[in-house]
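Visitor: Can you read through this structure? Questions will come right after.
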Number of protein chains: 2
Amino acid sequence: MQTLSTEDYLKAIYHASQSASGTVATTSIANKIGAKPSSVTDMFKKLSDQKLVKYEKYQGVSLTSEGVKTALRIVRKHRLWESFLVSHLNFNWDEVHQVAEQLEHIQSEKLTNELERFLDYPTHDPHGDPIPNRALFMKSYNKILLTELPLNKEGVCVGVKDNSSDFLRYLDRRQIGIGTPILVLHREDFDQSLHIQAGNSTLMITQKTAENIYIKP
Amino acid sequence: MQTLSTEDYLKAIYHASQSASGTVATTSIANKIGAKPSSVTDMFKKLSDQKLVKYEKYQGVSLTSEGVKTALRIVRKHRLWESFLVSHLNFNWDEVHQVAEQLEHIQSEKLTNELERFLDYPTHDPHGDPIPNRALFMKSYNKILLTELPLNKEGVCVGVKDNSSDFLRYLDRRQIGIGTPILVLHREDFDQSLHIQAGNSTLMITQKTAENIYIKP
DNA sequence: TATCAAATTTAGATTAGCCTAAAAAATATT
DNA sequence: AATATTTTTTAGGCTAATCTAAATTTGATA
Ligand SMILES: [Mn+2]
Ligand SMILES: [Mn+2]
Ligand SMILES: [Mn+2]
Ligand SMILES: [Mn+2]
């Protein structure tokens with residue numbers, strides 16, 4: 001049985017090892033968790049004692065298969081709760097993360113599985129991230145960044161890379177959301193900004209915005 | 001902002017002061033919480049520093065009005081979650097307490113209020129206990145114990161005093177639940193056992209059972 | 001390759017929440 | 001009223017999770 005804190009560490013390590021390959025560095029977890037590197041080192045040792053991570057001094061950590069399972073169980077709960085908050089409790093997609101950060105630690109398999117059934121087995125959360133099923137398996141469609149979508153090729157927004165409130169509310173104002181059809185009309189060579197058609201409206205977005213939007217071509 | 005532990009203490013003190021009047025003793029909280037009296041003393045001091053209880057050495061504690069409010073906020077969440085688990089997630093009334101014990105600590109006013117709306121403003125939880133509304137006000141109907149119901153007077157089961165799984169499952173087997181109409185056919189002078197009509201069936205129950213069932217006459 | 005800067009770990013401390021054992025106060029019993 | 005019992009508090013300790021400051025190691029740079 002994990003504590004709330006160890007669960008957050010495992011999840012952070014899991015996410016970090018998704019983006020960067022190889023081992024995960026102390027500092028990167030310190031930044032994610034909001035703790036000092038020395039605290040992270042302490043926790044790495046504890047997780048290593050519990051055989052949830054492989055840890056070698058000065059060499060970072062990687063999750064063991066048991067560690068991955070534990071992390072995925074948290075991710076599963078996090079994303080199911082986020083889905084519930086949006087679909088039934090009138091939360092906007094930029095408000096759910098903080099609450100799900102707490103709900104993900106509730107320990108009851110029955111609760112998780114019944115919630116999944118109640119939501120009718122959703123495969124993706126409100127941000128387009130895949131939800132691990134009961135067997136902790138998740139399949140995400142192959143998606144590209146909007147920066148990589150060729151000119152005049154139809155695509156659909158299926159996710160976001162940046163989950164910050166600021167970015168999500170910005171997309172709300174631009175009327176871009178999961179499911180919005182996107183077409184790149186023009187790519188400006190000078191600054192890589194894009195003229196796109198999003199749904200019905202035509203608008204300009206910066207490169208920074210484009211590289212935080214996932215597209216299914 | 002309270003910790004999980006202080007919230008559980010405040011709730012325990014609140015419940016204890018409902019039954020017994022006056023101040024609440026160290027030992028009674030120790031038993032409810034499952035901690036040693038010395039730990040309870042420590043916590044009483046902390047709560048007193050935060051002005052959530054009035055505490056005098058050797059004299060027990062009583063909640064301040066701020067303490068009552070905090071306790072009621074937890075009770076509100078606890079009972080709303082219990083209601084949700086039973087009404088939408090296929091939990092039986094004997095399974096909800098443990099999970100609600102965790103869910104009651106989730107901090108999000110919006111979550112609580114939206115949950116209440118989603119459940120359509122329930123007034124009572126699955127055990128018949130009243131749910132404080134947003135203003136922390138709750139009204140319970142006047143109810144009596146089944147032991148006090150006069151012979152041949154129609155009553156309805158509106159709650160239980162003992163919330164243990166054992167008792168609740170026993171009632172399930174006897175087909176007694178919230179809303180079941182009850183009629184006392186005979187009271188045995190020897191041991192105060194009752195012959196009752198519960199719904200369609202006639203059955204015998206002990207005094208101990210009867211004094212854990214609330215009836216609206 | 002020697003040196004320096006950055007990353008990481010160690011050492012030592014703090015806080016919350018718990019414990020046991022012993023002391024003190026309150027209450028019950030002779 | 002004196003004594004015995006029960007309740008409560010104090011004293012001192014432990015663990016998890018954090019911190020700061022001081023080593024130590026790594027790896028980049030000259
Ligand atoms: Mn979390
Ligand atoms: Mn998400
Ligand atoms: Mn609780
Ligand atoms: Mn209840």
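Within each chain, counting starts at residue 1; across the structure tokens, chains are named A, B, ... in the order shown, with ligands numbered 1 upward in that order.
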Name the residues in contact with B:His186 at a cut-off of 8 Å, using only C-alpha atoms (C1' of nucleotides), excluding same-chain residues fewer than 6 positions from it; report them as a compact mmCIF listing (two decimals) with N, CA, C and O atoms, in the first residue's frame.

Guide:
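result_26.txt, freshly written:
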```txt
# COMPACT_ATOMS: atom_id res chain seq x y z
N LEU B 151 -47.68 -0.92 19.81
CA LEU B 151 -48.25 -2.09 19.13
C LEU B 151 -49.26 -1.66 18.08
O LEU B 151 -50.03 -0.72 18.28
N LEU B 194 -39.44 -8.78 19.57
CA LEU B 194 -40.65 -8.30 18.88
C LEU B 194 -41.04 -9.25 17.75
O LEU B 194 -40.17 -9.79 17.05
N HIS B 195 -42.31 -9.43 17.59
CA HIS B 195 -42.83 -9.98 16.34
C HIS B 195 -43.29 -8.81 15.51
O HIS B 195 -44.11 -8.01 15.99
N ILE B 196 -42.75 -8.67 14.35
CA ILE B 196 -43.13 -7.51 13.53
C ILE B 196 -43.56 -7.95 12.14
O ILE B 196 -43.24 -9.05 11.68
```

Visitor: Given a cut-off of 9 Å, what residues near ligand 4 show up using only C-alpha atoms (C1' of nucleotides) and all ligand atoms, put as JSON, numbers by chain?

Guide: {"B": [75, 78, 79, 80, 82, 83, 93, 96, 97, 100, 124, 125, 126, 127, 128, 129, 130, 163]}

Visitor: Residues within 10 Å of ligand 3 (only C-alpha atoms (C1' of nucleotides) and all ligand atoms), as a VMD selection string?

Guide: chain B and resid 4 to 9 11 to 12 33 74 to 75 78 97 to 106

Visitor: Could you tell me how far atom CA of A:Tyr55 lies from atom C1' of C:DT3, in Å and to one decimal?

Guide: 29.2 Å

Visitor: Select all residues from chain B having any atom no more than 9 Å from an atom of chain C (counting only C-alpha atoms (C1' of nucleotides), ignoring ligands), output as a PyMOL selection string.

Guide: chain B and resi 5+35-36+38-39+43+58

Visitor: Quick one: which residues from chain D are at most 10 Å off chain A, using only C-alpha atoms (C1' of nucleotides), as a ChimeraX atom specification?

Guide: /D:16-20,25-26

Visitor: Produce a file of the selected residues containing C-alpha atoms (C1' of nucleotides), as a short mmCIF file (atom, residue, chain, number, x, y, z; two decimals), in the first residue's frame.

Guide:
```cif
data_model
loop_
_atom_site.label_atom_id
_atom_site.label_comp_id
_atom_site.auth_asym_id
_atom_site.auth_seq_id
_atom_site.Cartn_x
_atom_site.Cartn_y
_atom_site.Cartn_z
"C1'" DA D 16 7.53 9.83 6.82
"C1'" DA D 17 8.30 13.71 4.34
"C1'" DT D 18 10.19 17.69 3.96
"C1'" DC D 19 14.06 21.48 4.32
"C1'" DT D 20 19.06 23.95 4.23
"C1'" DT D 25 30.38 13.12 -8.14
"C1'" DT D 26 29.63 13.86 -12.91
#
```

Visitor: Quick one: which residues from chain B are at most 8 Å off chain A, using only C-alpha atoms, as a count of residues only?

Guide: 14

Visitor: Just the residues within 12 Å of A:Lys51, please, counting only C-alpha atoms (C1' of nucleotides), with nothing from its chain fewer than 2 positions along; format it as a PDB file with N, CA, C and O atoms, in the first residue's frame.

Guide:
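Okay, this is what ended up in around25.pdb:
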```pdb
ATOM      1  N   LEU A  10       5.764   8.202  -8.154  1.00  0.00           N
ATOM      2  CA  LEU A  10       5.745   7.162  -9.190  1.00  0.00           C
ATOM      3  C   LEU A  10       5.113   7.686 -10.472  1.00  0.00           C
ATOM      4  O   LEU A  10       5.599   7.434 -11.573  1.00  0.00           O
ATOM      5  N   PHE A  44      13.774   8.449  -3.738  1.00  0.00           N
ATOM      6  CA  PHE A  44      14.310   7.441  -4.665  1.00  0.00           C
ATOM      7  C   PHE A  44      14.795   6.219  -3.881  1.00  0.00           C
ATOM      8  O   PHE A  44      14.571   5.072  -4.285  1.00  0.00           O
ATOM      9  N   LYS A  45      15.438   6.483  -2.752  1.00  0.00           N
ATOM     10  CA  LYS A  45      15.933   5.363  -1.938  1.00  0.00           C
ATOM     11  C   LYS A  45      14.782   4.519  -1.395  1.00  0.00           C
ATOM     12  O   LYS A  45      14.821   3.294  -1.420  1.00  0.00           O
ATOM     13  N   LYS A  46      13.739   5.225  -0.922  1.00  0.00           N
ATOM     14  CA  LYS A  46      12.596   4.478  -0.368  1.00  0.00           C
ATOM     15  C   LYS A  46      11.923   3.640  -1.450  1.00  0.00           C
ATOM     16  O   LYS A  46      11.602   2.475  -1.241  1.00  0.00           O
ATOM     17  N   LEU A  47      11.718   4.252  -2.614  1.00  0.00           N
ATOM     18  CA  LEU A  47      11.067   3.531  -3.707  1.00  0.00           C
ATOM     19  C   LEU A  47      11.930   2.350  -4.149  1.00  0.00           C
ATOM     20  O   LEU A  47      11.411   1.296  -4.528  1.00  0.00           O
ATOM     21  N   SER A  48      13.225   2.556  -4.097  1.00  0.00           N
ATOM     22  CA  SER A  48      14.134   1.477  -4.471  1.00  0.00           C
ATOM     23  C   SER A  48      14.042   0.320  -3.473  1.00  0.00           C
ATOM     24  O   SER A  48      14.022  -0.849  -3.872  1.00  0.00           O
ATOM     25  N   ASP A  49      13.964   0.651  -2.189  1.00  0.00           N
ATOM     26  CA  ASP A  49      13.795  -0.395  -1.165  1.00  0.00           C
ATOM     27  C   ASP A  49      12.524  -1.207  -1.420  1.00  0.00           C
ATOM     28  O   ASP A  49      12.487  -2.409  -1.177  1.00  0.00           O
ATOM     29  N   VAL A  53      11.392   1.161  -8.103  1.00  0.00           N
ATOM     30  CA  VAL A  53      12.293   1.769  -9.088  1.00  0.00           C
ATOM     31  C   VAL A  53      13.662   1.108  -8.989  1.00  0.00           C
ATOM     32  O   VAL A  53      14.016   0.525  -7.971  1.00  0.00           O
ATOM     33  N   LYS A  54      14.394   1.230 -10.081  1.00  0.00           N
ATOM     34  CA  LYS A  54      15.791   0.827 -10.081  1.00  0.00           C
ATOM     35  C   LYS A  54      16.561   2.133  -9.904  1.00  0.00           C
ATOM     36  O   LYS A  54      16.355   3.087 -10.639  1.00  0.00           O
ATOM     37  N   TYR A  55      17.418   2.147  -8.902  1.00  0.00           N
ATOM     38  CA  TYR A  55      18.100   3.399  -8.589  1.00  0.00           C
ATOM     39  C   TYR A  55      19.574   3.132  -8.376  1.00  0.00           C
ATOM     40  O   TYR A  55      19.952   2.262  -7.596  1.00  0.00           O
ATOM     41  N   VAL A  61      16.712   7.255 -11.900  1.00  0.00           N
ATOM     42  CA  VAL A  61      15.878   6.081 -11.643  1.00  0.00           C
ATOM     43  C   VAL A  61      15.149   5.645 -12.898  1.00  0.00           C
ATOM     44  O   VAL A  61      14.990   6.417 -13.840  1.00  0.00           O
ATOM     45  N   SER A  62      14.700   4.386 -12.864  1.00  0.00           N
ATOM     46  CA  SER A  62      13.719   3.924 -13.855  1.00  0.00           C
ATOM     47  C   SER A  62      12.741   3.022 -13.116  1.00  0.00           C
ATOM     48  O   SER A  62      13.106   2.360 -12.142  1.00  0.00           O
ATOM     49  N   LEU A  63      11.503   3.006 -13.558  1.00  0.00           N
ATOM     50  CA  LEU A  63      10.481   2.205 -12.893  1.00  0.00           C
ATOM     51  C   LEU A  63      10.705   0.720 -13.142  1.00  0.00           C
ATOM     52  O   LEU A  63      11.057   0.325 -14.261  1.00  0.00           O
ATOM     53  N   THR A  64      10.488  -0.098 -12.126  1.00  0.00           N
ATOM     54  CA  THR A  64      10.425  -1.541 -12.346  1.00  0.00           C
ATOM     55  C   THR A  64       9.044  -1.843 -12.931  1.00  0.00           C
ATOM     56  O   THR A  64       8.195  -0.958 -13.018  1.00  0.00           O
ATOM     57  N   SER A  65       8.819  -3.094 -13.309  1.00  0.00           N
ATOM     58  CA  SER A  65       7.505  -3.382 -13.897  1.00  0.00           C
ATOM     59  C   SER A  65       6.419  -3.207 -12.831  1.00  0.00           C
ATOM     60  O   SER A  65       5.300  -2.778 -13.131  1.00  0.00           O
ATOM     61  N   GLU A  66       6.748  -3.510 -11.578  1.00  0.00           N
ATOM     62  CA  GLU A  66       5.793  -3.262 -10.508  1.00  0.00           C
ATOM     63  C   GLU A  66       5.541  -1.753 -10.349  1.00  0.00           C
ATOM     64  O   GLU A  66       4.403  -1.322 -10.119  1.00  0.00           O
ATOM     65  N   GLY A  67       6.605  -0.964 -10.496  1.00  0.00           N
ATOM     66  CA  GLY A  67       6.471   0.492 -10.425  1.00  0.00           C
ATOM     67  C   GLY A  67       5.583   1.034 -11.535  1.00  0.00           C
ATOM     68  O   GLY A  67       4.762   1.931 -11.315  1.00  0.00           O
ATOM     69  N   VAL A  68       5.768   0.491 -12.737  1.00  0.00           N
ATOM     70  CA  VAL A  68       4.934   0.932 -13.865  1.00  0.00           C
ATOM     71  C   VAL A  68       3.471   0.631 -13.579  1.00  0.00           C
ATOM     72  O   VAL A  68       2.593   1.470 -13.797  1.00  0.00           O
ATOM     73  N   THR A  70       1.933   0.272 -10.708  1.00  0.00           N
ATOM     74  CA  THR A  70       1.409   1.187  -9.692  1.00  0.00           C
ATOM     75  C   THR A  70       1.129   2.557 -10.298  1.00  0.00           C
ATOM     76  O   THR A  70       0.081   3.162 -10.051  1.00  0.00           O
TER      77      THR A  70
END
```

Visitor: Quick one: of A:Ala25, A:Leu171, A:Leu52, A:Val160, who's nearest to ligand 2, counting only C-alpha atoms and all ligand atoms?

Guide: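 Among the listed residues, the smallest separation from ligand 2 belongs to A:Val160.
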
Visitor: Neighbouring residues of stretch 180-183 of chain B were defined as those with any atom within 12 Å, considering only C-alpha atoms (C1' of nucleotides); residues of the same chain fewer than 6 positions away were excluded. Please report them as a PyMOL selection string.

Guide: chain B and resi 145-159+171-172+174+194-205+210+213-217

Visitor: As a list in words, please: all residues of stretch 52-99 of chain B that backbone DSSP puts in alpha helix (DSSP H).

Guide: Ser65, Glu66, Gly67, Val68, Lys69, Thr70, Ala71, Leu72, Arg73, Ile74, Val75, Arg76, Lys77, His78, Arg79, Leu80, Trp81, Glu82, Ser83, Phe84, Leu85, Val86, Ser87, His88, Val96, His97, Gln98 and Val99 of chain B

Visitor: A:Leu119, A:Lys139, A:Glu109, A:Ala30: which is nearest A:Ser87, counting only C-alpha atoms?

Guide: A:Leu119

Visitor: Going by DSSP on the backbone, which bits of stretch 29-194 of chain B are strand (DSSP E or B)? Write them as a list in words, please.

Guide: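 Checking each residue of stretch 29-194 of chain B, the strand (DSSP E or B) ones are Val53, Lys54, Tyr55, Val61, Ser62, Leu63, His124, Pro130, Ile144, Leu145, Gly155, Val156, Cys157, Val158, Gly159, Val160, Pro181, Ile182, Leu183, Val184, Leu185, His186, Arg187 and Leu194 of chain B.
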
Visitor: Restricted to C-alpha atoms, what would the selected residues look like written as a short mmCIF file (atom, residue, chain, number, x, y, z; two decimals), in the first residue's frame?

Guide:
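Just written: again_23.cif:
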```cif
data_model
loop_
_atom_site.label_atom_id
_atom_site.label_comp_id
_atom_site.auth_asym_id
_atom_site.auth_seq_id
_atom_site.Cartn_x
_atom_site.Cartn_y
_atom_site.Cartn_z
CA VAL B 53 -12.20 23.24 20.05
CA LYS B 54 -12.37 24.52 23.60
CA TYR B 55 -10.04 22.39 25.66
CA VAL B 61 -13.21 19.19 24.58
CA SER B 62 -16.15 20.85 22.92
CA LEU B 63 -16.26 22.20 19.37
CA HIS B 124 -30.64 11.92 3.54
CA PRO B 130 -29.54 13.87 7.14
CA ILE B 144 -38.18 7.08 17.33
CA LEU B 145 -36.50 3.77 17.98
CA GLY B 155 -44.33 3.06 11.04
CA VAL B 156 -41.66 3.31 8.35
CA CYS B 157 -38.00 2.50 8.77
CA VAL B 158 -36.15 5.78 8.17
CA GLY B 159 -32.69 5.03 9.50
CA VAL B 160 -30.31 2.86 11.46
CA PRO B 181 -43.17 -0.24 6.48
CA ILE B 182 -43.08 -1.78 9.94
CA LEU B 183 -45.82 -2.91 12.30
CA VAL B 184 -45.23 -4.34 15.77
CA LEU B 185 -47.53 -7.34 16.22
CA HIS B 186 -46.39 -8.51 19.60
CA ARG B 187 -43.87 -7.52 22.24
CA LEU B 194 -40.65 -8.30 18.88
#
```
